[in-house]
Amino acid sequence: MDEHEEEYDSVEKEDGKYYIGTFSLNSSQNQDRNDKLIMAATISSKGFYKYSFTDVMEYLSEMTLFNNTDETLHIMKLDVLPDLTYSVVLKTHWIRLIQRTWKRILRQRISIMKDTRYICQRQLGRTRKIPGLRGML
């Protein structure tokens with residue numbers, strides 16, 4: 001590999017750690033096993049911030065061993081299976097869900113605070129509950 005290997009990716013992967021990269025869908029032949037997301041290629045955070053997004057995606061597409069990889073960048077948590085397969089859990093999916101929910105709650109908070117009844121009740125010391133982080137999901 002290149003002399004700047006640490007900027008691209010570390011060779012050693014650790015179970016339970018988070019990685020930036022792409023995955024491939026592994027369709028198992030057995031009916032009793034579910035389809036698994038397999039780590040296809042990763043890049044270090046240092047390399048991700050140093051190079052342009054186009055260069056990062058080109059690097060990941062060249063470094064993958066699979067033909068059917070997802071073409072988007074993901075944050076993935078590595079789960080090393082007993083057969084030493086690098087299965088991943090996508091964390092970007094959950095981040096998107098949290099962001100979407102928080103945007104909805106933020107709109108509710110803004111509309112409540114703009115309401116003149118809320119302002120009057122607040123001046124009188126009677127406030128109603130405003131949605132927040134607690135109970136968001």
# chains A, B, ... in the order shown; residues from 1 in each chain; ligands from 1

$ closest_atom_pairs --of "stretch 30-85 of chain A" --to "stretch 11-17 of chain A" --cutoff "7 Å" --atoms "only C-alpha atoms" --output "JSON lines"
{"residue": "A:Lys77", "atom": "CA", "partner": "A:Lys17", "partner_atom": "CA", "distance": 5.7}
{"residue": "A:Leu78", "atom": "CA", "partner": "A:Gly16", "partner_atom": "CA", "distance": 5.2}
{"residue": "A:Asp79", "atom": "CA", "partner": "A:Asp15", "partner_atom": "CA", "distance": 5.4}
{"residue": "A:Val80", "atom": "CA", "partner": "A:Asp15", "partner_atom": "CA", "distance": 5.6}

$ select_by_dssp --residues "stretch 17-125 of chain A" --states "strand (DSSP E)" --output "compact mmCIF listing (two decimals) with N, CA and C atoms, in the first residue's frame"
# COMPACT_ATOMS: atom_id res chain seq x y z
N TYR A 18 -16.18 1.59 15.50
CA TYR A 18 -16.90 2.26 14.43
C TYR A 18 -15.95 2.59 13.28
N TYR A 19 -16.44 2.43 12.04
CA TYR A 19 -15.65 2.68 10.85
C TYR A 19 -16.46 3.46 9.83
N ILE A 20 -15.78 4.24 9.01
CA ILE A 20 -16.40 4.96 7.91
C ILE A 20 -16.12 4.17 6.65
N GLY A 21 -17.16 3.85 5.87
CA GLY A 21 -16.91 3.08 4.66
C GLY A 21 -18.17 2.63 3.97
N THR A 22 -18.01 1.55 3.19
CA THR A 22 -19.12 0.99 2.44
C THR A 22 -19.32 -0.47 2.84
N PHE A 23 -20.47 -1.00 2.48
CA PHE A 23 -20.79 -2.38 2.81
C PHE A 23 -21.34 -3.09 1.59
N SER A 24 -21.44 -4.41 1.70
CA SER A 24 -22.03 -5.23 0.66
C SER A 24 -23.06 -6.14 1.32
N LEU A 25 -24.10 -6.46 0.59
CA LEU A 25 -25.14 -7.35 1.11
C LEU A 25 -24.74 -8.78 0.76
N ASN A 26 -24.60 -9.61 1.79
CA ASN A 26 -24.23 -11.00 1.60
C ASN A 26 -25.50 -11.84 1.68
N LYS A 36 -26.80 -10.69 5.61
CA LYS A 36 -25.90 -9.92 6.46
C LYS A 36 -25.29 -8.78 5.66
N LEU A 37 -25.02 -7.68 6.35
CA LEU A 37 -24.27 -6.58 5.76
C LEU A 37 -22.80 -6.83 6.07
N ILE A 38 -22.00 -6.91 5.03
CA ILE A 38 -20.58 -7.23 5.17
C ILE A 38 -19.76 -5.99 4.87
N MET A 39 -18.74 -5.72 5.70
CA MET A 39 -17.86 -4.58 5.49
C MET A 39 -17.14 -4.77 4.16
N ALA A 40 -17.26 -3.78 3.28
CA ALA A 40 -16.62 -3.88 1.97
C ALA A 40 -15.29 -3.13 1.95
N ALA A 41 -15.28 -1.88 2.36
CA ALA A 41 -14.06 -1.08 2.39
C ALA A 41 -14.24 0.04 3.39
N THR A 42 -13.15 0.45 4.02
CA THR A 42 -13.22 1.54 5.00
C THR A 42 -12.10 2.53 4.76
N ILE A 43 -12.26 3.70 5.35
CA ILE A 43 -11.23 4.73 5.31
C ILE A 43 -11.10 5.30 6.71
N HIS A 74 -21.15 5.32 4.87
CA HIS A 74 -21.87 5.02 6.10
C HIS A 74 -20.93 5.00 7.28
N ILE A 75 -21.50 5.24 8.47
CA ILE A 75 -20.82 4.96 9.72
C ILE A 75 -21.30 3.58 10.13
N MET A 76 -20.35 2.67 10.34
CA MET A 76 -20.69 1.28 10.59
C MET A 76 -20.03 0.80 11.88
N LYS A 77 -20.76 -0.01 12.63
CA LYS A 77 -20.19 -0.65 13.82
C LYS A 77 -19.86 -2.09 13.44
N LEU A 78 -18.62 -2.49 13.66
CA LEU A 78 -18.16 -3.82 13.26
C LEU A 78 -18.62 -4.87 14.27
N ASP A 79 -19.12 -5.97 13.72
CA ASP A 79 -19.51 -7.13 14.51
C ASP A 79 -18.83 -8.34 13.87
N VAL A 80 -17.74 -8.80 14.49
CA VAL A 80 -17.00 -9.95 13.97
C VAL A 80 -17.75 -11.21 14.39
N TYR A 86 -16.78 -10.13 8.75
CA TYR A 86 -16.90 -8.76 9.23
C TYR A 86 -18.29 -8.23 8.92
N SER A 87 -19.23 -8.52 9.78
CA SER A 87 -20.60 -8.03 9.63
C SER A 87 -20.67 -6.63 10.23
N VAL A 88 -21.55 -5.78 9.71
CA VAL A 88 -21.65 -4.42 10.21
C VAL A 88 -23.10 -4.06 10.53
N VAL A 89 -23.25 -3.12 11.45
CA VAL A 89 -24.53 -2.52 11.78
C VAL A 89 -24.42 -1.06 11.37
N LEU A 90 -25.37 -0.61 10.54
CA LEU A 90 -25.32 0.77 10.06
C LEU A 90 -25.78 1.73 11.14

$ select_by_dssp --residues "chain A" --states "alpha helix (DSSP H)" --output "ChimeraX atom specification"
/A:5-8,45-50,53-63,92-114,116-123

$ write_last_selection --atoms "C-alpha atoms" --output "PDB file, in the first residue's frame"
ATOM      1  CA  GLU A   5      -1.436   4.042   4.774  1.00  0.00           C
ATOM      2  CA  GLU A   6      -2.597   5.450   8.111  1.00  0.00           C
ATOM      3  CA  GLU A   7      -4.491   8.202   6.241  1.00  0.00           C
ATOM      4  CA  TYR A   8      -6.472   5.649   4.281  1.00  0.00           C
ATOM      5  CA  SER A  45     -11.210   9.454   9.810  1.00  0.00           C
ATOM      6  CA  LYS A  46      -7.913  11.221   9.083  1.00  0.00           C
ATOM      7  CA  GLY A  47      -8.118  10.258   5.401  1.00  0.00           C
ATOM      8  CA  PHE A  48     -11.817  11.131   5.248  1.00  0.00           C
ATOM      9  CA  TYR A  49     -11.184  14.702   6.390  1.00  0.00           C
ATOM     10  CA  LYS A  50      -7.996  15.183   4.368  1.00  0.00           C
ATOM     11  CA  PHE A  53     -15.523  13.315  -0.999  1.00  0.00           C
ATOM     12  CA  THR A  54     -15.028  12.289  -4.648  1.00  0.00           C
ATOM     13  CA  ASP A  55     -11.520  11.011  -3.924  1.00  0.00           C
ATOM     14  CA  VAL A  56     -12.744   9.115  -0.860  1.00  0.00           C
ATOM     15  CA  MET A  57     -15.533   7.410  -2.807  1.00  0.00           C
ATOM     16  CA  GLU A  58     -13.136   6.543  -5.647  1.00  0.00           C
ATOM     17  CA  TYR A  59     -10.711   5.034  -3.145  1.00  0.00           C
ATOM     18  CA  LEU A  60     -13.457   2.964  -1.493  1.00  0.00           C
ATOM     19  CA  SER A  61     -14.738   1.659  -4.827  1.00  0.00           C
ATOM     20  CA  GLU A  62     -11.212   0.621  -5.831  1.00  0.00           C
ATOM     21  CA  MET A  63     -10.445  -1.049  -2.487  1.00  0.00           C
ATOM     22  CA  THR A  92     -26.078   6.389   9.861  1.00  0.00           C
ATOM     23  CA  HIS A  93     -29.617   4.997   9.628  1.00  0.00           C
ATOM     24  CA  TRP A  94     -30.211   5.637  13.333  1.00  0.00           C
ATOM     25  CA  ILE A  95     -28.591   9.058  13.175  1.00  0.00           C
ATOM     26  CA  ARG A  96     -31.016  10.038  10.389  1.00  0.00           C
ATOM     27  CA  LEU A  97     -33.992   8.846  12.452  1.00  0.00           C
ATOM     28  CA  ILE A  98     -32.862  10.861  15.480  1.00  0.00           C
ATOM     29  CA  GLN A  99     -32.271  13.979  13.356  1.00  0.00           C
ATOM     30  CA  ARG A 100     -35.688  13.683  11.718  1.00  0.00           C
ATOM     31  CA  THR A 101     -37.401  13.270  15.091  1.00  0.00           C
ATOM     32  CA  TRP A 102     -35.486  16.172  16.640  1.00  0.00           C
ATOM     33  CA  LYS A 103     -36.456  18.466  13.737  1.00  0.00           C
ATOM     34  CA  ARG A 104     -40.121  17.616  14.345  1.00  0.00           C
ATOM     35  CA  ILE A 105     -39.808  18.317  18.086  1.00  0.00           C
ATOM     36  CA  LEU A 106     -37.959  21.557  17.404  1.00  0.00           C
ATOM     37  CA  ARG A 107     -40.806  22.730  15.137  1.00  0.00           C
ATOM     38  CA  GLN A 108     -43.288  21.907  17.923  1.00  0.00           C
ATOM     39  CA  ARG A 109     -41.225  23.825  20.480  1.00  0.00           C
ATOM     40  CA  ILE A 110     -40.979  26.884  18.241  1.00  0.00           C
ATOM     41  CA  SER A 111     -44.717  26.895  17.531  1.00  0.00           C
ATOM     42  CA  ILE A 112     -45.535  26.577  21.256  1.00  0.00           C
ATOM     43  CA  MET A 113     -43.154  29.378  22.221  1.00  0.00           C
ATOM     44  CA  LYS A 114     -44.575  31.687  19.535  1.00  0.00           C
ATOM     45  CA  THR A 116     -49.395  34.161  22.687  1.00  0.00           C
ATOM     46  CA  ARG A 117     -51.286  31.948  25.157  1.00  0.00           C
ATOM     47  CA  TYR A 118     -47.995  30.322  26.180  1.00  0.00           C
ATOM     48  CA  ILE A 119     -46.392  33.741  26.680  1.00  0.00           C
ATOM     49  CA  CYS A 120     -49.305  34.907  28.856  1.00  0.00           C
ATOM     50  CA  GLN A 121     -49.307  31.678  30.896  1.00  0.00           C
ATOM     51  CA  ARG A 122     -45.552  31.941  31.369  1.00  0.00           C
ATOM     52  CA  GLN A 123     -45.868  35.505  32.664  1.00  0.00           C
TER      53      GLN A 123
END

$ atom_distance --atom1 "atom CA of A:Leu73" --atom2 "atom CA of A:Ser52"
12.9 Å

$ atom_distance --atom1 "atom CA of A:Thr127" --atom2 "atom CA of A:Asp115"
12.2 Å

$ atom_distance --atom1 "atom CA of A:Leu84" --atom2 "atom CA of A:Leu65"
16.1 Å
